[in-house]
Each structure stands twice: as structure tokens, then as C-alpha cells.
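Raw contents of upload.txt, compact mmCIF, C-alpha atoms and all ligand atoms:
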```
# COMPACT_ATOMS: atom_id res chain seq x y z
CA MET A 14 45.37 -104.12 76.08
CA PRO A 15 43.09 -101.27 75.12
CA ALA A 16 42.75 -100.72 71.38
CA ALA A 17 45.22 -98.22 69.94
CA MET A 18 44.06 -94.87 68.63
CA GLN A 19 44.03 -95.17 64.83
CA GLY A 20 43.89 -91.49 63.86
CA GLU A 21 41.49 -89.50 61.75
CA MET A 22 39.85 -91.29 58.85
CA GLN A 23 37.55 -89.75 56.24
CA PRO A 24 36.17 -90.73 52.86
CA ALA A 25 37.91 -89.27 49.81
CA ILE A 26 35.83 -90.64 46.93
CA TYR A 27 32.11 -90.13 46.35
CA ARG A 28 30.54 -91.59 43.21
CA PHE A 29 26.97 -91.66 41.99
CA LYS A 30 24.88 -92.14 38.86
CA LEU A 31 23.47 -89.14 37.00
CA GLY A 32 21.13 -90.50 34.32
CA ALA A 33 23.37 -92.61 32.09
CA PHE A 34 26.50 -90.85 33.38
CA GLU A 35 28.62 -91.62 36.41
CA VAL A 36 30.03 -88.75 38.45
CA ALA A 37 32.75 -88.97 41.09
CA ASN A 38 34.08 -86.27 43.38
CA ILE A 39 37.62 -87.02 44.49
CA LEU A 40 39.37 -85.26 47.35
CA ASP A 41 42.78 -84.14 46.10
CA GLY A 42 43.75 -82.78 49.51
CA LYS A 43 42.86 -80.30 52.23
CA VAL A 44 44.54 -77.66 54.35
CA ILE A 45 43.61 -75.82 57.50
CA ARG A 46 43.88 -72.07 57.07
CA ASP A 47 43.69 -69.22 59.55
CA GLY A 48 41.24 -66.36 59.56
CA LEU A 49 38.04 -66.66 57.54
CA HIS A 50 37.97 -62.92 58.19
CA PRO A 51 39.43 -60.74 56.72
CA SER A 52 39.92 -63.14 53.77
CA PHE A 53 36.13 -63.06 53.43
CA GLY A 54 34.56 -59.64 53.88
CA PRO A 55 37.59 -57.40 54.57
CA GLU A 56 35.17 -54.46 54.27
CA ARG A 57 33.06 -55.85 57.16
CA SER A 58 33.89 -55.78 60.87
CA ALA A 59 35.53 -58.71 62.64
CA ASP A 60 32.57 -58.79 65.03
CA GLU A 61 30.14 -59.27 62.18
CA ALA A 62 32.22 -62.13 60.77
CA ARG A 63 32.49 -63.75 64.22
CA ALA A 64 28.72 -63.54 64.70
CA LEU A 65 28.12 -65.21 61.33
CA CYS A 66 30.51 -68.03 62.25
CA ALA A 67 28.93 -68.44 65.69
CA ALA A 68 25.45 -68.65 64.16
CA ASN A 69 26.72 -71.51 61.98
CA GLY A 70 28.71 -73.30 64.67
CA ILE A 71 32.12 -72.89 63.06
CA ASP A 72 35.45 -71.56 64.33
CA PRO A 73 36.01 -67.98 63.09
CA ASN A 74 39.78 -68.33 63.32
CA ARG A 75 40.56 -71.62 61.55
CA TYR A 76 38.85 -73.30 58.63
CA LEU A 77 39.19 -76.40 56.52
CA HIS A 78 39.85 -75.76 52.85
CA PRO A 79 39.47 -78.90 50.70
CA PHE A 80 40.32 -79.33 47.00
CA ILE A 81 37.81 -81.52 45.14
CA PRO A 82 38.11 -82.29 41.43
CA THR A 83 35.12 -83.91 39.68
CA LEU A 84 35.19 -86.81 37.25
CA VAL A 85 32.37 -87.51 34.78
CA ASN A 86 32.08 -90.71 32.80
CA THR A 87 29.55 -90.21 29.99
CA GLY A 88 29.83 -93.84 28.92
CA ASN A 89 31.92 -92.73 25.94
CA THR A 90 34.30 -90.25 27.47
CA LEU A 91 35.98 -89.90 30.87
CA VAL A 92 36.22 -86.20 31.69
CA LEU A 93 38.20 -84.80 34.62
CA PHE A 94 37.44 -81.29 35.87
CA ASP A 95 40.55 -79.72 37.42
CA THR A 96 43.70 -81.51 38.51
CA GLY A 97 44.23 -80.30 42.07
CA ASN A 98 47.55 -79.35 43.59
CA GLY A 99 49.77 -81.94 41.92
CA PHE A 100 53.39 -81.33 42.82
CA LEU A 101 53.15 -77.64 43.71
CA ARG A 102 54.22 -78.21 47.32
CA ARG A 103 57.23 -80.21 46.21
CA ASP A 104 58.28 -77.65 43.62
CA TYR A 105 57.44 -74.27 45.18
CA GLU A 106 58.53 -73.27 48.67
CA GLN A 107 56.19 -70.27 48.73
CA LEU A 108 53.08 -72.47 48.29
CA ARG A 109 53.84 -74.99 51.02
CA ALA A 110 51.83 -73.36 53.78
CA ARG A 111 48.74 -72.77 51.65
CA LEU A 112 48.33 -76.07 49.80
CA ASP A 113 48.31 -79.81 50.37
CA ASP A 114 50.19 -82.42 48.36
CA GLY A 115 48.10 -83.61 45.44
CA HIS A 116 46.54 -87.03 46.05
CA LEU A 117 44.35 -87.07 42.96
CA VAL A 118 46.18 -89.71 40.92
CA GLU A 119 46.48 -92.12 43.85
CA ARG A 120 42.79 -91.69 44.69
CA LEU A 121 41.74 -92.03 41.05
CA GLY A 122 43.54 -95.38 41.31
CA ALA A 123 41.54 -96.32 44.39
CA ALA A 124 38.38 -95.39 42.46
CA GLY A 125 39.35 -97.71 39.60
CA TYR A 126 40.95 -95.35 37.04
CA LYS A 127 44.44 -95.10 35.61
CA PRO A 128 45.77 -91.70 34.48
CA SER A 129 45.73 -93.07 30.91
CA ASP A 130 41.96 -93.67 31.20
CA ILE A 131 41.27 -89.92 31.28
CA ASP A 132 40.10 -88.76 27.84
CA VAL A 133 39.54 -85.07 28.54
CA VAL A 134 40.97 -82.77 31.22
CA VAL A 135 38.91 -79.62 31.68
CA THR A 136 40.41 -76.70 33.60
CA THR A 137 37.73 -74.44 35.12
CA HIS A 138 40.22 -71.61 35.72
CA GLY A 139 43.92 -70.94 36.02
CA HIS A 140 44.47 -70.67 39.77
CA PRO A 141 47.21 -72.87 41.28
CA ASP A 142 45.02 -75.43 43.07
CA HIS A 143 43.20 -76.17 39.79
CA ILE A 144 46.20 -76.45 37.43
CA GLY A 145 48.78 -77.96 39.82
CA GLY A 146 48.24 -81.51 38.57
CA LEU A 147 48.43 -80.81 34.83
CA LEU A 148 52.16 -81.57 34.46
CA ASP A 149 54.89 -83.20 36.52
CA ARG A 150 58.25 -81.57 35.72
CA GLY A 151 56.98 -80.85 32.23
CA ASN A 152 55.61 -84.35 31.67
CA SER A 153 51.98 -85.05 31.05
CA ILE A 154 50.25 -86.75 33.99
CA PHE A 155 47.31 -87.82 31.81
CA PRO A 156 49.10 -89.16 28.73
CA LYS A 157 46.12 -89.73 26.44
CA ALA A 158 44.02 -86.72 27.35
CA ARG A 159 43.03 -83.75 25.28
CA TYR A 160 42.71 -80.57 27.31
CA VAL A 161 39.97 -77.99 27.50
CA PHE A 162 40.40 -74.43 28.74
CA GLY A 163 38.12 -71.44 28.71
CA ALA A 164 39.27 -69.27 25.80
CA THR A 165 39.12 -66.03 27.81
CA GLU A 166 40.88 -67.57 30.80
CA PHE A 167 43.69 -69.11 28.75
CA ASP A 168 44.18 -65.93 26.78
CA PHE A 169 44.36 -63.80 29.93
CA TRP A 170 47.13 -65.84 31.55
CA LYS A 171 48.93 -66.33 28.26
CA ARG A 172 49.08 -62.60 27.54
CA GLY A 173 49.98 -61.74 31.12
CA GLU A 174 48.63 -58.19 30.86
CA ASN A 175 46.86 -56.51 33.77
CA VAL A 176 47.68 -59.36 36.12
CA ARG A 177 47.26 -58.00 39.64
CA GLU A 178 50.31 -58.08 41.91
CA ALA A 179 48.98 -60.94 44.04
CA ARG A 180 48.62 -63.09 40.90
CA LYS A 181 52.04 -62.48 39.30
CA PHE A 182 53.38 -65.78 40.65
CA ASN A 183 50.16 -67.50 39.59
CA ARG A 184 50.85 -66.28 36.08
CA GLU A 185 54.32 -67.88 36.16
CA LEU A 186 52.72 -71.14 37.22
CA PHE A 187 50.22 -70.98 34.39
CA VAL A 188 53.01 -70.39 31.89
CA LYS A 189 54.85 -73.48 33.19
CA LEU A 190 51.90 -75.83 33.72
CA ALA A 191 49.25 -74.91 31.15
CA LEU A 192 50.85 -73.14 28.18
CA PRO A 193 52.85 -76.23 27.14
CA LEU A 194 49.51 -78.02 26.64
CA ALA A 195 48.18 -75.48 24.13
CA GLU A 196 48.65 -77.76 21.13
CA ARG A 197 46.68 -80.55 22.76
CA SER A 198 43.91 -78.18 23.85
CA THR A 199 40.59 -76.86 22.69
CA PHE A 200 39.31 -73.53 23.91
CA VAL A 201 35.67 -73.05 24.81
CA LYS A 202 33.31 -70.15 25.37
CA PRO A 203 30.17 -70.06 27.51
CA GLY A 204 27.48 -72.12 25.76
CA ASP A 205 29.96 -74.46 24.06
CA ASP A 206 29.80 -78.22 24.61
CA VAL A 207 32.89 -80.12 25.79
CA VAL A 208 31.22 -83.40 24.86
CA PRO A 209 27.48 -84.00 24.39
CA GLY A 210 25.78 -83.35 27.75
CA ILE A 211 28.51 -81.11 29.19
CA ARG A 212 28.20 -77.37 28.51
CA ALA A 213 30.29 -74.37 29.62
CA VAL A 214 28.65 -71.63 31.71
CA ASP A 215 30.15 -68.19 32.39
CA VAL A 216 31.09 -67.71 36.07
CA SER A 217 33.87 -65.15 35.59
CA GLY A 218 34.89 -62.85 38.42
CA HIS A 219 36.81 -65.15 40.76
CA SER A 220 39.15 -65.33 37.77
CA PRO A 221 38.88 -63.45 34.47
CA GLY A 222 37.31 -66.30 32.52
CA MET A 223 36.26 -68.97 34.99
CA LEU A 224 33.77 -71.45 33.55
CA ALA A 225 31.27 -73.68 35.29
CA TYR A 226 30.00 -76.82 33.56
CA HIS A 227 26.42 -77.91 33.29
CA VAL A 228 26.12 -81.70 33.07
CA GLU A 229 22.91 -83.35 31.87
CA SER A 230 21.96 -86.95 31.17
CA GLU A 231 18.48 -88.40 30.71
CA GLY A 232 16.93 -85.27 32.20
CA LYS A 233 19.14 -85.32 35.33
CA ARG A 234 21.12 -82.14 35.81
CA PHE A 235 24.21 -81.21 37.77
CA LEU A 236 26.41 -78.12 37.89
CA ILE A 237 30.16 -78.06 38.47
CA TRP A 238 30.69 -74.45 39.53
CA ALA A 239 34.35 -74.49 40.62
CA ASP A 240 35.14 -71.50 42.90
CA THR A 241 31.93 -69.51 42.44
CA CYS A 242 31.51 -69.86 46.23
CA VAL A 243 34.73 -70.67 48.07
CA HIS A 244 33.27 -71.29 51.57
CA TYR A 245 29.96 -72.94 52.43
CA VAL A 246 28.97 -70.30 55.00
CA MET A 247 30.79 -67.06 54.18
CA ALA A 248 30.36 -67.07 50.40
CA VAL A 249 26.86 -68.57 50.34
CA GLN A 250 25.21 -66.68 53.19
CA ARG A 251 27.04 -63.41 52.41
CA PRO A 252 27.61 -63.47 48.63
CA GLU A 253 28.05 -59.68 48.64
CA TRP A 254 31.15 -59.85 50.85
CA THR A 255 34.31 -59.55 48.80
CA LEU A 256 37.02 -62.20 48.91
CA ASP A 257 40.77 -61.61 48.78
CA VAL A 258 41.37 -64.34 46.18
CA ASP A 259 38.69 -63.06 43.78
CA ASP A 260 40.43 -61.36 40.84
CA ASP A 261 37.55 -59.07 39.83
CA LYS A 262 35.76 -58.54 43.12
CA GLU A 263 32.69 -56.71 41.86
CA LYS A 264 32.10 -59.22 39.09
CA ALA A 265 32.64 -62.14 41.46
CA VAL A 266 29.92 -60.77 43.75
CA ALA A 267 27.51 -60.40 40.82
CA THR A 268 28.30 -63.92 39.61
CA ARG A 269 27.78 -65.40 43.09
CA LYS A 270 24.39 -63.74 43.41
CA ARG A 271 23.30 -64.84 39.94
CA MET A 272 24.45 -68.44 40.38
CA LEU A 273 23.06 -68.79 43.91
CA GLU A 274 19.69 -67.57 42.68
CA MET A 275 19.80 -69.99 39.75
CA ALA A 276 20.88 -72.94 41.92
CA ALA A 277 18.17 -72.21 44.49
CA SER A 278 15.35 -71.74 41.99
CA GLU A 279 16.32 -74.77 39.87
CA ARG A 280 17.16 -76.98 42.90
CA MET A 281 20.11 -78.36 41.02
CA PRO A 282 22.86 -80.37 42.74
CA ILE A 283 26.14 -78.44 42.69
CA ALA A 284 29.74 -79.63 42.79
CA SER A 285 31.67 -76.92 44.60
CA TYR A 286 35.45 -77.36 44.66
CA HIS A 287 36.13 -76.02 48.16
CA MET A 288 33.02 -77.11 50.06
CA PRO A 289 33.30 -79.77 52.78
CA PHE A 290 33.71 -83.21 51.18
CA PRO A 291 32.06 -84.56 49.06
CA GLY A 292 31.66 -80.96 47.93
CA ILE A 293 28.16 -81.60 46.63
CA GLY A 294 25.04 -79.87 47.82
CA TYR A 295 22.06 -77.72 47.07
CA ILE A 296 21.32 -74.06 47.58
CA GLU A 297 18.26 -73.27 49.63
CA LYS A 298 16.74 -69.82 49.86
CA SER A 299 14.69 -68.91 52.90
CA ALA A 300 13.88 -65.55 54.47
CA GLY A 301 15.81 -63.91 51.65
CA ALA A 302 19.12 -65.64 52.47
CA TYR A 303 20.92 -68.54 50.84
CA ARG A 304 22.16 -71.62 52.62
CA TRP A 305 24.35 -74.55 51.53
CA VAL A 306 22.56 -77.86 52.11
CA PRO A 307 25.01 -80.75 51.80
CA VAL A 308 23.88 -83.74 49.74
CA SER A 309 22.45 -86.62 51.73
CA TYR A 310 21.03 -89.51 49.67
CA GLN A 311 19.33 -87.56 46.88
CA LEU A 312 21.80 -88.83 44.30
CA ASN A 313 21.82 -92.41 45.57
CA LEU A 314 18.20 -93.41 44.97
ZN ZN A 401 40.28 -72.97 44.08
```

Could I get this structure in the form of C-alpha cells?
Amino acid sequence: MPAAMQGEMQPAIYRFKLGAFEVANILDGKVIRDGLHPSFGPERSADEARALCAANGIDPNRYLHPFIPTLVNTGNTLVLFDTGNGFLRRDYEQLRARLDDGHLVERLGAAGYKPSDIDVVVTTHGHPDHIGGLLDRGNSIFPKARYVFGATEFDFWKRGENVREARKFNRELFVKLALPLAERSTFVKPGDDVVPGIRAVDVSGHSPGMLAYHVESEGKRFLIWADTCVHYVMAVQRPEWTLDVDDDKEKAVATRKRMLEMAASERMPIASYHMPFPGIGYIEKSAGAYRWVPVSYQLNL
């Protein structure tokens, strides 16, 4: 008997040491979406987008969109950055095509953590795929955690003023999933520390108050930049192209350019929520253009 086909199999947990800290990227889920263009670069021609895809060996019509929260253990505190999709697919018909079921808690288990081990849950920004796993039917998924939100971001969704049409439903989700946690939360501004070694960095634009987090231990540095760049080719090689899911498009472009330049010049490893798993890489600048260079063994020596 020939061996049976066993189906696709891919890693979902990637953990490494950063100084005295441990960092793990955990795949919450992934979806395949249609049409990189015109989601990316609606102001550019389809031909130009196709040529960019061809030059990078990727399909212009379909793309993989993963969701990758990051976990940092400082030795004193276990900090989770973003909670993935949680139960959004179960609870909201209109999100089923765009999201995957949340696998974060099950994969945290496989990596050796219980939900009650999480001390701090940091939310980089209020979009659905980052807040989906905060609550399950109103109940806390991480029972012992305190929560951290960007002050500007939390305030924006709480007030609900000037929310663009495409984000009205997102605002409802934020009200249901994040507002109930206000009393267990602290609110940070760029430059504030979450815990010693973890500092907030302004990357607003993709959302009104999105924060990245700079992580440093024993001189080793790492940046969790959330959705600063949402695709490893389109957003990195063409940071000036606008993106449909960016809330403030002009500001998002400026933030991408600034952060890409910083990442390239400082050669810092980046955790990027929607890059191909493990969602960790470097930014290289050559001939005036940026390129995403996936991590190989740099963090495992
Ligand atoms: Zn996202």
C-alpha cells in the first residue's frame, strides 16, 4: 500500500531567546484572500501591481494573510501582544469570509502556557483581528491579566466620533470586546513602558493610535510593529501605495516610510503581524528600495 497523503502541515509556534527574555510568535490563524490589488495601491494600475508580484514570484490574485500574536516572557512577566481572531467567526456572519477561527489559546497550550499564565495583554490597535480574542461572550479569556491599550486608540473607539463608514462595525466590536476591560486596563502613550524593557512607539496611521513596542534585554533589541506593513512585498517594497484598510492613509504612508527607514538602518529584527510565519524578519535597503528579509537563524545562535 502506498502511504496516504497526510495534508498540509506547517509550524505554528516559533520561540527564541532575546537577552534574558524569551519571545514566541504564535500563529492564531490564516486566510487566503483575493486581489492584492486594488487592496494595495488602488491609485496604481493593475499592470503595475501584477509586475511587482511577478518580480517577487507571488500570485497577484490570491494571497495568504496570517495573524501572528507575539508573546514575551521577561522572566517576571508574561506579556501577550494582541489576541487574534478569537470567536469572531463564530459570532459574526459578516466576518466569516475574511477571518480564520482563533487558535491562539490552543497553540499557547502547545507552547506550554495556560491562559491564566498571561500577566499582561497588550492591544496594539483596535482592529478586529487584534481584539477578537479579548473576550468570549463577555467572559475574560485571560483571567489574571491586566490589559494595556494605547490611550489615543482606546479613546478614539470609545468616543466613536469620525469613524469612517468602513469601520462602523469595527467600532461596535470594540465596544463589545474592549470597553468592558477598561477597569482592568492601563493606557499608554508613545515612550511609556509597559514593563521594564518594553516601550510603546507611535505607529499611528493604519489606525488612529496604533502603537508598536520596542523590546530590549541585555542589549538585544526587537520591535513588534503590528500592522505598520500588512504585506511583505506590497507594503514593504511600495510603502507609498495606499491600503484600503489603513484608516488615515496619508499618515500610514508616512509611518511606513519612517519605520522602514529605522528598521533598515538599525538592522533590528521585526515582528510583523501579517507577514508569512513566523512573521519575523529584517528590513534591507538596497538601490533605494526596501525588502523584507525573513529571519533565518539569527535569533537562534
Ligand atoms: Zn491586522

Coordinates-based distance that separates CA of Phe162 in chain A from CA of Ala248 in chain A (Å, one decimal)
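Computing the Euclidean distance for CA of Ala248 in chain A and CA of Phe162 in chain A yields 25.0 Å.
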
Tell me, as a count of residues only, which residues lie within 10 Å of Leu31 in chain A, counting all atoms listed in the file; anything in the same chain fewer than 2 positions away does not count.
19

So that I can check the surroundings of Asp72 in chain A, please list as a PyMOL selection string every protein, DNA and RNA residue that reaches within 10 Å of it, counting all atoms listed in the file and ignoring chain neighbours fewer than 3 positions away.
chain A and resi 47-49+63+66-67+69+75-77

Output file for the selection above: C-alpha atoms, as a CSV table (one decimal), in the coordinates of the input:
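Result went into result_10.csv, see below:
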```
chain,number,residue,atom,x,y,z
A,47,ASP,CA,43.7,-69.2,59.6
A,48,GLY,CA,41.2,-66.4,59.6
A,49,LEU,CA,38.0,-66.7,57.5
A,63,ARG,CA,32.5,-63.8,64.2
A,66,CYS,CA,30.5,-68.0,62.2
A,67,ALA,CA,28.9,-68.4,65.7
A,69,ASN,CA,26.7,-71.5,62.0
A,75,ARG,CA,40.6,-71.6,61.6
A,76,TYR,CA,38.8,-73.3,58.6
A,77,LEU,CA,39.2,-76.4,56.5
```

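Proximity of A:Glu274, A:Asp132, A:Asp259, A:Glu106 to ligand ZN 401 (chain A), computed with only C-alpha atoms and all ligand atoms, is greatest for A:Asp259.
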
Got a sec to check which residues lie within 10 Å of ligand ZN 401 (chain A), using all atoms listed in the file, and send them as a VMD selection string?
chain A and resid 78 to 82 95 97 to 98 137 to 144 219 to 220 239 to 243 258 285 to 287

May I ask for the distance between CA of Lys171 in chain A and CA of Val214 in chain A, given in Å to one decimal place?
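So the answer is 21.2 Å.
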
May I ask which of the residues A:His244, A:Arg197, A:Lys262, A:Lys181 is the closest one to Pro289 in chain A, counting all atoms listed in the file?
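Once distances to Pro289 in chain A are computed over all atoms listed in the file, the minimum belongs to A:His244.
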
In the coordinate frame of the file, compute which residues have an atom within 10 Å of (25.9, -59.9, 47.3) when using only C-alpha atoms, and state them as a PyMOL selection string.
chain A and resi 248-255+263+265-271+273

May I have the selected residues written with C-alpha atoms, as a PDB file, keeping the file's coordinate frame?
```
ATOM      1  CA  ALA A 248      30.360 -67.070  50.400  1.00  0.00           C
ATOM      2  CA  VAL A 249      26.860 -68.570  50.340  1.00  0.00           C
ATOM      3  CA  GLN A 250      25.210 -66.680  53.190  1.00  0.00           C
ATOM      4  CA  ARG A 251      27.040 -63.410  52.410  1.00  0.00           C
ATOM      5  CA  PRO A 252      27.610 -63.470  48.630  1.00  0.00           C
ATOM      6  CA  GLU A 253      28.050 -59.680  48.640  1.00  0.00           C
ATOM      7  CA  TRP A 254      31.150 -59.850  50.850  1.00  0.00           C
ATOM      8  CA  THR A 255      34.310 -59.550  48.800  1.00  0.00           C
ATOM      9  CA  GLU A 263      32.690 -56.710  41.860  1.00  0.00           C
ATOM     10  CA  ALA A 265      32.640 -62.140  41.460  1.00  0.00           C
ATOM     11  CA  VAL A 266      29.920 -60.770  43.750  1.00  0.00           C
ATOM     12  CA  ALA A 267      27.510 -60.400  40.820  1.00  0.00           C
ATOM     13  CA  THR A 268      28.300 -63.920  39.610  1.00  0.00           C
ATOM     14  CA  ARG A 269      27.780 -65.400  43.090  1.00  0.00           C
ATOM     15  CA  LYS A 270      24.390 -63.740  43.410  1.00  0.00           C
ATOM     16  CA  ARG A 271      23.300 -64.840  39.940  1.00  0.00           C
ATOM     17  CA  LEU A 273      23.060 -68.790  43.910  1.00  0.00           C
TER      18      LEU A 273
END
```

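Across A:Ala17, A:Leu190, A:Ala213, A:Ile296, the tightest approach to Ala276 in chain A is made by A:Ile296 when counting only C-alpha atoms.
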
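Counting all atoms listed in the file, the residue from A:Leu112, A:Met275, A:Leu121, A:Leu93 that sits nearest to Val207 in chain A is A:Leu93.
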
Between A:Ala25, A:His50, A:Val44, A:Arg180, which residue has the minimum interatomic distance to Met247 in chain A, considering all atoms listed in the file?
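When distances to Met247 in chain A are compared using all atoms listed in the file, the smallest one comes from A:His50.
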
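Between CA of Leu101 in chain A and CA of Asp114 in chain A the interatomic distance comes to 7.3 Å.
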
Which of these, A:Val246, A:Ala16, A:Leu186, A:Leu224, has the shortest distance to Tyr105 in chain A once you count all atoms listed in the file?
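Ranking A:Val246, A:Ala16, A:Leu186, A:Leu224 by distance to Tyr105 in chain A, first place goes to A:Leu186.
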
Using only C-alpha atoms, determine which residues lie at most 8 Å from Pro307 in chain A, disregarding the query and same-chain residues fewer than 6 positions distant; provide the list as a count of residues only.
4

Any chance you could work out the axis-aligned box around range 184-202 of chain A, listed atoms only, 3 Å on each side, giving centre and edge lengths in Å to one decimal, as JSON?
```
{"center_x": 44.1, "center_y": -73.4, "center_z": 29.2, "size_x": 27.5, "size_y": 20.3, "size_z": 22.1}
```
